[in-house]
Amino acid sequence: MRNAPTILHLDMDAFYASAEQASKPSLRGKAVIVGGLGPRGVVATASYEARVFGVHSAMPMAQARRLAPHAAYLVPRFPFYRAISEQVMGLLRALSPLVEPLSLDEAFVDLEAGGVAWDEESARLTGARLRADIREVTGLTGSVGLAASKMLAKIASEQAKPDGLVLIEPGTERALLGPMPVRTLPGVGPATGDHLRRAGITTVEEIAEAGQDELVRLLGRAHGQALYAMALAHDERPVVAERDAKSVSVEDTYDMDIHDRVRVRAEVQRLADRCVQRLRAAGRSGRTVVLKVRRYDFSTLTRSETLRGPTDDPAVVREAAARLLESVDTTGGVRLLGVGVSGLADFTQEDLFAQARTAVGGAALPEEEPRREVQDEPAEEPAPPAAERRWRAGHDVRHAVHGHGWVQGSGLGRVTVRFETPDSGPGRVRTFRTDDPELEPADPLPLVTRRPGAGALTTQEPG
Ligand SMILES: [Mg+2]
């Protein structure tokens, strides 16, 4: 591990909700909940004002409505969030070639590789300047964690929230981690957390005290060893610019073709276990299990199965691989077998996601969804009648007379619009017929208006 806190983790504060509040002045300072509004919808992001009521991301929307009945409920506008994300990622890439985005609003940056920080002081300065730049360019706040490893940088940004910066000095990591709950560590989801608790282990210090052998006994070799190392604050994972590892796979070629079906099954199970070991070592989980079979005549088949949620559970991968094998005829003999997992995600976040899916039995909407999997239209939204489809709650509109606004609600042939813009005060509400020819859908306005001459940031505040 490096000895300077030059790995930076940025996490925008309540990103979707903050973007909506910045875009809609009447919602500032109010409880705002963004997510799927259908019967099986899930909270994607709750504003800090909504969190006071106990609402949090991945919670079923019905529960959120009971806790915060007076909050503003909005569907996500991913193209809008993505545009802001591009601005933020641009600022990060100006710091270093090694930027590893985890989602629209979260990324690791290797400051040392960019030559912008080499010690505690330069790292702190760079982090502070970045936060100021993000605020200036996007109008939103982000929290920054700085540490000598990815794990601790992420823990630091969590502690910095909202709107702060925390730097973990090298050498203080173990003392800091010790009293924290086991769930703080990457790779400890609800299931692993429960498992450890039943063994009397609730804090990171207790993992360290239990020792590696006990951890391996409880969680298996790969997971146990990895977790023990994390508890000792050992984390050597590099910041990788492109998340090019889209899959993890292992395969074996056999000197002699395998004919025995029982042996083929056993080999597939073994490969599945090895594959999961690699997956966990990389701190990832995946959704699609792939089986590869090369037969005696060199014909190669691949079969895949996509799970309901990402997994790093060896039993789940073994079962999926076994099911896939059932559809492959191996009677002539097999010369190569492989098992892979693709559709990878970082597993701390996805663990939460998977749990939410199970809880509501359907399409969950994770906070800070990985870029590649972002959907613009959550599938669970019931399709409104054609006349009202143009007027989706929360979306921007323009009226020929009243100007720019957003849809507060629609139904029964009427649409209610609040006329306000990011740099206006809270606006007035007016109601129109849904077929009003003077009303049309509009693109979101930029959150920060760049006035000519406003570029010089060092000028004094007016007055
Ligand atoms: Mg965030």
# chains A, B, ... in the order shown; residues from 1 in each chain; ligands from 1
>>> residues_around(residues="Asp423 in chain A", least_positions_apart="4", cutoff="10 Å", atoms="only C-alpha atoms", output="list of chain:residue names")
A:Ala22, A:Ser23, A:Lys24, A:Pro25, A:Leu445, A:Pro446, A:Leu447, A:Val448, A:Thr449
>>> select_by_dssp(residues="range 146-224 of chain A", states="alpha helix (DSSP H)", output="PyMOL selection string")
chain A and resi 150-160+173-177+190-198+204-219+221-224
>>> write_last_selection(atoms="N, CA and C atoms", output="tab-separated table (two decimals), in the first residue's frame")
chain	number	residue	atom	x	y	z
A	150	LYS	N	-8.20	2.26	-1.84
A	150	LYS	CA	-9.56	2.49	-2.33
A	150	LYS	C	-10.57	2.27	-1.20
A	151	MET	N	-10.39	1.19	-0.46
A	151	MET	CA	-11.35	0.88	0.59
A	151	MET	C	-11.47	2.05	1.55
A	152	LEU	N	-10.33	2.60	2.00
A	152	LEU	CA	-10.38	3.66	3.00
A	152	LEU	C	-10.80	4.99	2.40
A	153	ALA	N	-10.48	5.22	1.13
A	153	ALA	CA	-10.94	6.46	0.49
A	153	ALA	C	-12.46	6.48	0.44
A	154	LYS	N	-13.05	5.32	0.18
A	154	LYS	CA	-14.51	5.24	0.11
A	154	LYS	C	-15.14	5.40	1.50
A	155	ILE	N	-14.52	4.80	2.48
A	155	ILE	CA	-15.02	4.98	3.85
A	155	ILE	C	-14.91	6.46	4.25
A	156	ALA	N	-13.82	7.09	3.83
A	156	ALA	CA	-13.61	8.51	4.17
A	156	ALA	C	-14.68	9.39	3.54
A	157	SER	N	-15.04	9.14	2.28
A	157	SER	CA	-16.04	10.00	1.64
A	157	SER	C	-17.40	9.80	2.30
A	158	GLU	N	-17.65	8.58	2.77
A	158	GLU	CA	-18.90	8.32	3.48
A	158	GLU	C	-18.95	9.15	4.77
A	159	GLN	N	-17.81	9.21	5.46
A	159	GLN	CA	-17.75	10.01	6.69
A	159	GLN	C	-17.85	11.50	6.40
A	160	ALA	N	-17.42	11.88	5.20
A	160	ALA	CA	-17.39	13.31	4.86
A	160	ALA	C	-18.78	13.84	4.53
A	173	GLU	N	-5.18	3.79	9.94
A	173	GLU	CA	-6.29	3.05	9.36
A	173	GLU	C	-6.89	2.02	10.31
A	174	ARG	N	-6.03	1.24	10.95
A	174	ARG	CA	-6.56	0.13	11.75
A	174	ARG	C	-7.33	0.63	12.96
A	175	ALA	N	-6.79	1.68	13.58
A	175	ALA	CA	-7.47	2.24	14.76
A	175	ALA	C	-8.84	2.78	14.35
A	176	LEU	N	-8.90	3.34	13.15
A	176	LEU	CA	-10.15	3.92	12.67
A	176	LEU	C	-11.18	2.83	12.34
A	177	LEU	N	-10.69	1.78	11.67
A	177	LEU	CA	-11.60	0.71	11.22
A	177	LEU	C	-12.12	-0.13	12.38
A	190	PRO	N	-25.63	-8.00	3.51
A	190	PRO	CA	-26.50	-8.44	4.60
A	190	PRO	C	-26.29	-9.91	4.97
A	191	ALA	N	-26.11	-10.77	3.98
A	191	ALA	CA	-25.99	-12.20	4.25
A	191	ALA	C	-24.70	-12.49	5.03
A	192	THR	N	-23.59	-11.98	4.52
A	192	THR	CA	-22.31	-12.19	5.21
A	192	THR	C	-22.34	-11.54	6.58
A	193	GLY	N	-22.96	-10.37	6.66
A	193	GLY	CA	-23.06	-9.67	7.94
A	193	GLY	C	-23.78	-10.51	8.97
A	194	ASP	N	-24.90	-11.13	8.58
A	194	ASP	CA	-25.66	-12.00	9.48
A	194	ASP	C	-24.85	-13.20	9.92
A	195	HIS	N	-24.18	-13.77	8.93
A	195	HIS	CA	-23.36	-14.95	9.18
A	195	HIS	C	-22.30	-14.64	10.24
A	196	LEU	N	-21.64	-13.51	10.09
A	196	LEU	CA	-20.60	-13.12	11.04
A	196	LEU	C	-21.20	-12.83	12.42
A	197	ARG	N	-22.36	-12.19	12.41
A	197	ARG	CA	-22.98	-11.82	13.69
A	197	ARG	C	-23.33	-13.08	14.48
A	198	ARG	N	-23.82	-14.10	13.77
A	198	ARG	CA	-24.14	-15.35	14.46
A	198	ARG	C	-22.91	-15.98	15.08
A	204	VAL	N	-15.14	-4.62	12.93
A	204	VAL	CA	-13.96	-4.94	12.14
A	204	VAL	C	-12.85	-5.49	13.05
A	205	GLU	N	-12.73	-4.89	14.23
A	205	GLU	CA	-11.71	-5.36	15.17
A	205	GLU	C	-11.93	-6.84	15.51
A	206	GLU	N	-13.20	-7.24	15.64
A	206	GLU	CA	-13.49	-8.64	15.97
A	206	GLU	C	-13.13	-9.58	14.83
A	207	ILE	N	-13.18	-9.07	13.60
A	207	ILE	CA	-12.71	-9.89	12.47
A	207	ILE	C	-11.20	-10.11	12.61
A	208	ALA	N	-10.49	-9.01	12.90
A	208	ALA	CA	-9.03	-9.10	13.04
A	208	ALA	C	-8.68	-10.06	14.18
A	209	GLU	N	-9.44	-9.96	15.29
A	209	GLU	CA	-9.15	-10.81	16.45
A	209	GLU	C	-9.46	-12.28	16.17
A	210	ALA	N	-10.50	-12.52	15.39
A	210	ALA	CA	-10.89	-13.90	15.10
A	210	ALA	C	-9.78	-14.64	14.35
A	211	GLY	N	-9.04	-13.91	13.55
A	211	GLY	CA	-7.93	-14.52	12.84
A	211	GLY	C	-8.35	-15.10	11.50
A	212	GLN	N	-7.35	-15.28	10.66
A	212	GLN	CA	-7.64	-15.72	9.30
A	212	GLN	C	-8.26	-17.11	9.24
A	213	ASP	N	-7.78	-18.03	10.07
A	213	ASP	CA	-8.30	-19.40	10.01
A	213	ASP	C	-9.79	-19.45	10.31
A	214	GLU	N	-10.19	-18.69	11.32
A	214	GLU	CA	-11.61	-18.66	11.70
A	214	GLU	C	-12.45	-18.05	10.57
A	215	LEU	N	-11.94	-16.99	9.96
A	215	LEU	CA	-12.67	-16.35	8.86
A	215	LEU	C	-12.83	-17.31	7.68
A	216	VAL	N	-11.77	-18.05	7.40
A	216	VAL	CA	-11.82	-19.02	6.29
A	216	VAL	C	-12.83	-20.12	6.63
A	217	ARG	N	-12.83	-20.53	7.90
A	217	ARG	CA	-13.77	-21.56	8.31
A	217	ARG	C	-15.22	-21.06	8.12
A	218	LEU	N	-15.45	-19.80	8.44
A	218	LEU	CA	-16.80	-19.25	8.38
A	218	LEU	C	-17.26	-18.95	6.95
A	219	LEU	N	-16.33	-18.44	6.13
A	219	LEU	CA	-16.76	-17.87	4.85
A	219	LEU	C	-16.13	-18.53	3.63
A	221	ARG	N	-12.45	-20.05	1.72
A	221	ARG	CA	-11.08	-19.59	1.63
A	221	ARG	C	-10.94	-18.19	1.02
A	222	ALA	N	-11.50	-18.02	-0.20
A	222	ALA	CA	-11.27	-16.76	-0.90
A	222	ALA	C	-11.88	-15.59	-0.14
A	223	HIS	N	-13.13	-15.75	0.25
A	223	HIS	CA	-13.83	-14.66	0.90
A	223	HIS	C	-13.24	-14.39	2.28
A	224	GLY	N	-12.95	-15.47	3.01
A	224	GLY	CA	-12.40	-15.34	4.36
A	224	GLY	C	-11.05	-14.63	4.35
>>> residues_around(residues="Arg280 in chain A", least_positions_apart="5", cutoff="12 Å", atoms="only C-alpha atoms", output="PyMOL selection string")
chain A and resi 186-188+219-227+248+273-275+285-286+311-314+341+344-348
>>> closest_residue(among="A:Ile134, A:Leu104, A:Val88, A:Leu8", to="ligand 1", atoms="only C-alpha atoms and all ligand atoms")
A:Leu104
>>> residues_near_ligand(ligand="ligand 1", cutoff="9 Å", atoms="only C-alpha atoms and all ligand atoms", output="list of chain:residue names")
A:Leu10, A:Asp11, A:Met12, A:Asp13, A:Ala14, A:Phe15, A:Tyr16, A:Thr45, A:Ser103, A:Leu104, A:Asp105, A:Glu106, A:Gly142, A:Ser143, A:Glu367, A:Glu368
>>> write_last_selection(atoms="N, CA and C atoms", output="CSV table (one decimal), in the first residue's frame")
chain,number,residue,atom,x,y,z
A,10,LEU,N,-14.7,10.2,-4.9
A,10,LEU,CA,-15.7,11.3,-4.9
A,10,LEU,C,-17.1,10.7,-4.9
A,11,ASP,N,-18.0,11.2,-4.1
A,11,ASP,CA,-19.4,10.8,-4.2
A,11,ASP,C,-20.3,12.0,-4.1
A,12,MET,N,-21.1,12.3,-5.1
A,12,MET,CA,-22.0,13.4,-5.1
A,12,MET,C,-23.0,13.2,-4.0
A,13,ASP,N,-23.5,14.3,-3.4
A,13,ASP,CA,-24.4,14.1,-2.2
A,13,ASP,C,-25.8,14.0,-2.7
A,14,ALA,N,-26.5,12.9,-2.4
A,14,ALA,CA,-27.9,12.7,-2.7
A,14,ALA,C,-28.1,13.1,-4.2
A,15,PHE,N,-27.4,12.5,-5.1
A,15,PHE,CA,-27.2,13.1,-6.4
A,15,PHE,C,-28.5,13.4,-7.2
A,16,TYR,N,-29.3,12.4,-7.4
A,16,TYR,CA,-30.5,12.6,-8.2
A,16,TYR,C,-31.4,13.7,-7.5
A,45,THR,N,-33.0,7.7,-4.8
A,45,THR,CA,-32.3,8.7,-3.9
A,45,THR,C,-33.3,9.5,-3.1
A,103,SER,N,-20.2,4.7,-10.9
A,103,SER,CA,-21.6,5.0,-11.3
A,103,SER,C,-21.6,6.4,-11.8
A,104,LEU,N,-22.8,7.0,-12.0
A,104,LEU,CA,-22.9,8.3,-12.6
A,104,LEU,C,-22.3,9.3,-11.6
A,105,ASP,N,-22.3,9.1,-10.3
A,105,ASP,CA,-21.9,10.1,-9.4
A,105,ASP,C,-20.8,9.7,-8.4
A,106,GLU,N,-20.1,8.7,-8.8
A,106,GLU,CA,-19.1,8.2,-7.9
A,106,GLU,C,-17.9,7.7,-8.7
A,142,GLY,N,-20.4,17.7,-3.7
A,142,GLY,CA,-19.9,16.3,-3.7
A,142,GLY,C,-19.0,16.2,-2.5
A,143,SER,N,-18.9,14.9,-1.9
A,143,SER,CA,-18.0,14.7,-0.8
A,143,SER,C,-16.8,13.9,-1.2
A,367,GLU,N,-29.6,3.1,-6.2
A,367,GLU,CA,-29.0,4.4,-6.3
A,367,GLU,C,-27.7,4.3,-7.0
A,368,GLU,N,-27.4,5.3,-7.8
A,368,GLU,CA,-26.1,5.4,-8.4
A,368,GLU,C,-25.8,4.1,-9.3
>>> select_by_dssp(residues="range 38-88 of chain A", states="strand (DSSP E or B)", output="list in words")
Val42, Val43, Ala44, Thr45, Ala46, Pro60, Ala72, Tyr73 and Leu74 of chain A
>>> closest_residue(among="A:Leu146, A:Val240, A:Ala50, A:Val268", to="Ile7 in chain A", atoms="only C-alpha atoms")
A:Leu146
>>> residues_around(residues="Ala147 in chain A", least_positions_apart="4", cutoff="12 Å", atoms="only C-alpha atoms", output="PyMOL selection string")
chain A and resi 1-10+108-112+117-120+123-124+127+151-157+165-173+233+235
>>> atom_distance(atom1="CA of Ala31 in chain A", atom2="CA of Arg65 in chain A")
11.3 Å
>>> atom_distance(atom1="CA of Arg93 in chain A", atom2="CA of Lys246 in chain A")
21.6 Å
